[in-house]
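Okay, structure first, notes after.
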Amino acid sequence: MSTSFPSPSLLPHFPTSASTYLTSHPTLPGSTITCAILDTGVDPCADGMSDKNVTIDDCTGSGDVLLRKVEVKDGKFEGYNLSLESSDTIFHSKKALYDLLNGSVLKRVKNYNKEQATIKFKQLISEASEVKVENVKSKDDEEKKVNQEDLKESLQQMLKSYTDPGPIYDIITIKRKDTYITYLGLNGEVGSVKELGVVYKFDTLTNSNYGLSSFFEEKDGLRLTITTDAGAHGTHVANIVSSTTSPGVASSASIKSLKIGDTRLGSMETGVGVMRAIKACEDCEVVNMSYGEAVALQERGRVKHELDRLAYSKNVLFLASAGNNGPGLSTVGAPGGMVDSVISVGAWVGEEMMEAQYSVRDVALTKESTYTWSSVGPCHNGSFGVDIIAPGGAITGVPEWCLQKKQLMNGTSMSSPNAAGCVSLICDGLKKEGIKWTSERVRKGVFNTAKKVEGLSVLQEGWGMIQVEEAFEWIKKFKDVAEEDVRYDVTINRVATPKGVYLRQEAECSKKQVFSVTVNPQFGYDDVSPEMQDARSKFEMKCKLSLSTDESWVTHPDFLLLVHNGRNFGIEVDATNLAPGVHTCRLEGRDADDLTRGVQWYLPITVVKPLPSSDSPTIDLGQINFAPSERRRFFLTPPQGATFADIKVKDCRPMGDDASTRLMVLHCLQITPHTPYRDREEQFYLQQTPGNTTVKSVPLVGGVTLELCLARYWSALGFTEASIEVTWRGIIPSPSEITISPGGAGTHVRVMSHVADEVIMPFCKLDKWETSLRPKSSVISPFPGDRNVMLDGKTRVQGLTLTYNLKLEEGTDVIFKAPLLNGYLYESEYESQMGMIYSEGKRLLGVVDAYPEKVKCPKGTITVRFQVRHDDVDMLKKLEDMTLIAERNMSKSVSLAAYATHGDMLVGGKKFGKRIIQMGNMASMHFEVPEFSKMPKGASEGDVLRGKVDYEFTEKTAEGEGKMPGGYNVTYIVPPKPEKKEEPKPFVSEVKDERSELEKMKEDLRDWKVTRIGKKVGEKGFDELYEDCKSEWSEWLPLLKERVRHLEKMLGKKGEEKKGEVDSPPPPPVEKKDLLSSIDFVVKLIDLDALAIWNGTKHDTTDGEVNNKKKEMEAQKKILEDVLGRKCLALIGEEGFEESLMELKKWVKVEGNDKMAALEIESLKAKGLHGSVLKVVKRLGEGDGTKGGLKEYKKSDLLKIKGETLGALGWDWLVEYEKKWEVIEGMKDFQEF
């Protein structure tokens, strides 16, 4: 047993021969190389990074802040004293710290602040509970008692709803000539940020570091980028490449951190982040990108185009993770496995790593391999997908906010930077020896010298484990061979010109296949690179190639004379005699005159041969003994008519011998055109115990080869044995998807069982609600700054910004989808897509991208700003009217009954019950149309309700799901709203209108004028309009009511000067007595006794004259309530208030009446009943109920009142809390994309 800790295996160098290379080249390894890290961002203060050259930038826009130009007097702004010069230009904005922090830090900080707030709240609640009002003897005592109860209740509600807004920073930037000086201010304390790229810490609680990475001015102001990391991933990756303490593979290499993981999306990469980062890589030698997604198409999209330009025009070596989606075949992601110009890296784990990093108890029971979840080729287009492998685990440095120096991470995210460090060493060595290289020359050296690992297939390891020493010597050996810089584009004659042969279906493998192969030499990205001219001339003179493969089932010519414009030749692939399973080979092209130069180009060939089809619905795949890390693959052809399979996995270890669990991975996958693998895969991690049986149901496409891969997890120890059984199941409905139009005829569906007898009992439910939104506005404009110029240095990216509105009757979660664009990222023909969702107060609620997720939205009008980027304006114009879909869960789902006949559906007869369909038979059913009364509140004509229908009957004891997972889609288009049936109007005797036409016109004119006057209340010009009307209608109550409202708003303000009276003294301020006098005059004009008698008497509503009188009396009462309420407001705290309040209460309820909320709030404030004030504010919610009342409150008004009340209680920390939310809920500008 060794007592020496295996430290070198914490960040392995030995498997890649980097350790051997470093022994012979020990001086500053990688010092001439800059490696770009496209990731979540790198913490320059982290262990391993703090003492090296690290530059940082945020390419996503998540750290962008647009500062507006402001005027500053006497060097003071927002409470800050600034040292200014006369020529300085000042820019300012506010920014919430929490907008910049990543999810991990944010969660920790919010939890801490919530804990601290909870302690304070509980203390206040305890204090409120201790104050008891006993021996209630008066109204004041009763009010005090209620106030204490309200105070306690309000505190409990505030604690329950407490959401920490975090600090709100003032960002102040001074432009002084060509220099920018930025201050971050918080509560009057200014921290100066004077140098571009200098790193600073927000505070000790977050422990997050940040830096200013760019400034540039545009027409709307100054754009500032504050760069923070979106996660620990990027720092860990950078340390693998170049840590000074672990040490990293190329420990002296410089790091250029390019953040592509958007903080607003939880570190998801975006198109704009990736494209900007690619542009920023042009001055680097090596790039690592440990990111990727599944794609529907290979070798397509704008990202692929720019990656090719970067690699072949700028000679940058781009490495990326192959993906962590194995063990099934064809699970490589983009860009790693899908773009030829990118070196795709799989993740290897060795015994030394298991011992040092994972503390595996018995390494002898394991075996070196790729990790179980490391993605496996081939790509859908035939390329092998994985180019090389490297160690896929490391314990190395992470950001300071992790509160630990180092951390274990594993995956292809770790193998890719290990390989990038290896490539950095190779390029550094070549530079130091003065050897010129191109990206293609280095690729050939790496691929031809990679070391094959025993037991791994080419689909797992590609060329094998990268070898630094061997690759370096290889490139040196052929440094004078110009042809090493020539790359080759190899394709076959099939749709979309695949990069290789990939046979997978039973029909493809049942006969010989002949392919035409095209080999085209490429001389640089644009085929005219000056440095390639010599290579071209030599290449045209000596293009003799030897062709070879190591498999007899591929026949091909032995030689090829290749000329500059390429050649075609034929090959034959004969899979007819191959055993079921996976078969691979390369057709390799070598220099016939110098075979030692290795493989110059190759054509990948993969044959996946399924097991022979069987008539039985059940297939027993037998009992299997699994070696360490072993994967067993079975390829089956589901019969036409099968829609899902039940897969039974049994642990065959004897009961009692071993009770420990065995972790196994079941991965089922099919390949269909234009479909990413994630949409056709099911993966399960099974914790198996002896004798245990697990049944999993997976959806299928009949007739398409299904891979069933069962793998022993890479770290599982001990004897593992399992059996597998597959049962085909399913019902085929026609139509497969139900669409119910507004016609009301229901839907007729026929179902048939093709595979076996099935028990059916349809169940249909609608539970999703979609509303289509059209843009309210669209703007196309170019983006400023160098970061928005493409790699050619000339083409500027343009942006289309669309604005949508959605009115919500209640708060709910919403998914905003752009069906035209969603689901495409790397393969998208547009550069990027992003939607930003805002509340009415411009608070950012959430961000959506190519894969939208739900956003929690409050009641009210939601604004969505959606941006699409492209350099071609015509491409953007195609989307100017693009529809956005708002999807919500219905608060109450709608079930649709199925009937055996159309007649039963019409009359509501017997419903379709449980029945057996024998194989080959068919059944028919009719689904009803839902009643309009069951539509969700607010649903409009053209909205769509969606749901699922299941046809199979599922027993509670059924193994697996017992039905097709996910069911079948159902769509219902909401019809026009039914016209309301007019209730028969009660008989009312007709009253003849005795007014003349002139009288009617004058009264209509009067009413119109009063309406116009009402719009000028509290504004200049009111008095002139009022005097004009008063001369004719001096006792018209609606006019006098507007006068009362105006005087109330003008209290303490100067009256309006009369036109034409130049020499007259300025009018005195409006006094309270003027208001009270005006109110009393209105009350005097109303016959209160007659009004009281009327309200207390029942009336004959069939009498026309009585109805007219009723309208008149109701109007008088409403005006009386309004003016008496305003009188009470004016008298609060003064003599006469209680008497006026009693008079008001004769006519209207005050407490709990939102229309009288202003009076309720102000009277409670005057009495110091702050707890009751808080309860009223809570009751008013958004303030909707106050419309048309004494005072209309907006949400911002209520927040202000709440803040003032908390201040009156002496709770300053809660006042600060409310002020922050006032800022967040009342932003002046939308945030930047």
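Identifiers for the structure tokens are assigned positionally: chains receive A, B, ... in sequence, residues are indexed from 1 per chain, and ligands are indexed from 1 in the order shown.
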Discussion item. I want to know what sits within 7 Å of stretch 514-519 of chain A, based on only C-alpha atoms, with residues of the same chain fewer than 5 positions away left out; could you give that as a list in words?
Written reply: Tyr488, Asp489, Val490, Thr491, Ile492, Asn493, Gly566, Arg567, Asn568, Phe569, Gly570, Ile571, Glu572 and Val573 of chain A
Closest pair table for stretch 15-35 of chain A residues within 7 Å of stretch 235-253 of chain A, only C-alpha atoms, as a tab-separated table:
```
residue	atom	partner	partner_atom	distance
A:Leu28	CA	A:Ser252	CA	5.4
A:Pro29	CA	A:Ala250	CA	5.3
A:Gly30	CA	A:Ala253	CA	4.4
A:Ser31	CA	A:Ser252	CA	4.6
A:Thr32	CA	A:Ala253	CA	6.7
A:Ile33	CA	A:Ala253	CA	5.3
A:Thr34	CA	A:Ala253	CA	5.8
A:Cys35	CA	A:Ala253	CA	6.8
```
Using only C-alpha atoms, what does the table of stretch 298-391 of chain A residues within 10 Å of stretch 582-599 of chain A look like, with each row giving the shortest atom pair and its distance in Å to one decimal, sorted by chain and ascending number, as a Markdown table?
```
| residue | atom | partner | partner_atom | distance |
| --- | --- | --- | --- | --- |
| A:Leu329 | CA | A:Val582 | CA | 9.5 |
| A:Pro378 | CA | A:Thr584 | CA | 9.6 |
| A:Phe384 | CA | A:Thr584 | CA | 9.3 |
```
Fill in: Contacts of stretch 994-1002 of chain A at 12 Å (only C-alpha atoms; same-chain gap of 5+ positions) as a PyMOL selection string
chain A and resi 1007-1009+1029+1032-1033
Worksheet item: Counting only C-alpha atoms, what is within 12 Å of A:Lys1178, bar same-chain residues fewer than 5 positions away, as an MDAnalysis selection string?
Response: chainID A and resid 150:151 153:155 157:158 161 1152 1154 1157 1161 1171:1173 1183 1195 1198:1199 1201:1202
Worksheet entry | A:Ala716 environment, 10 Å, only C-alpha atoms, sequence neighbours closer than 6 positions dropped, as number ranges by chain | A: 360, 365-366, 628-629, 661-664
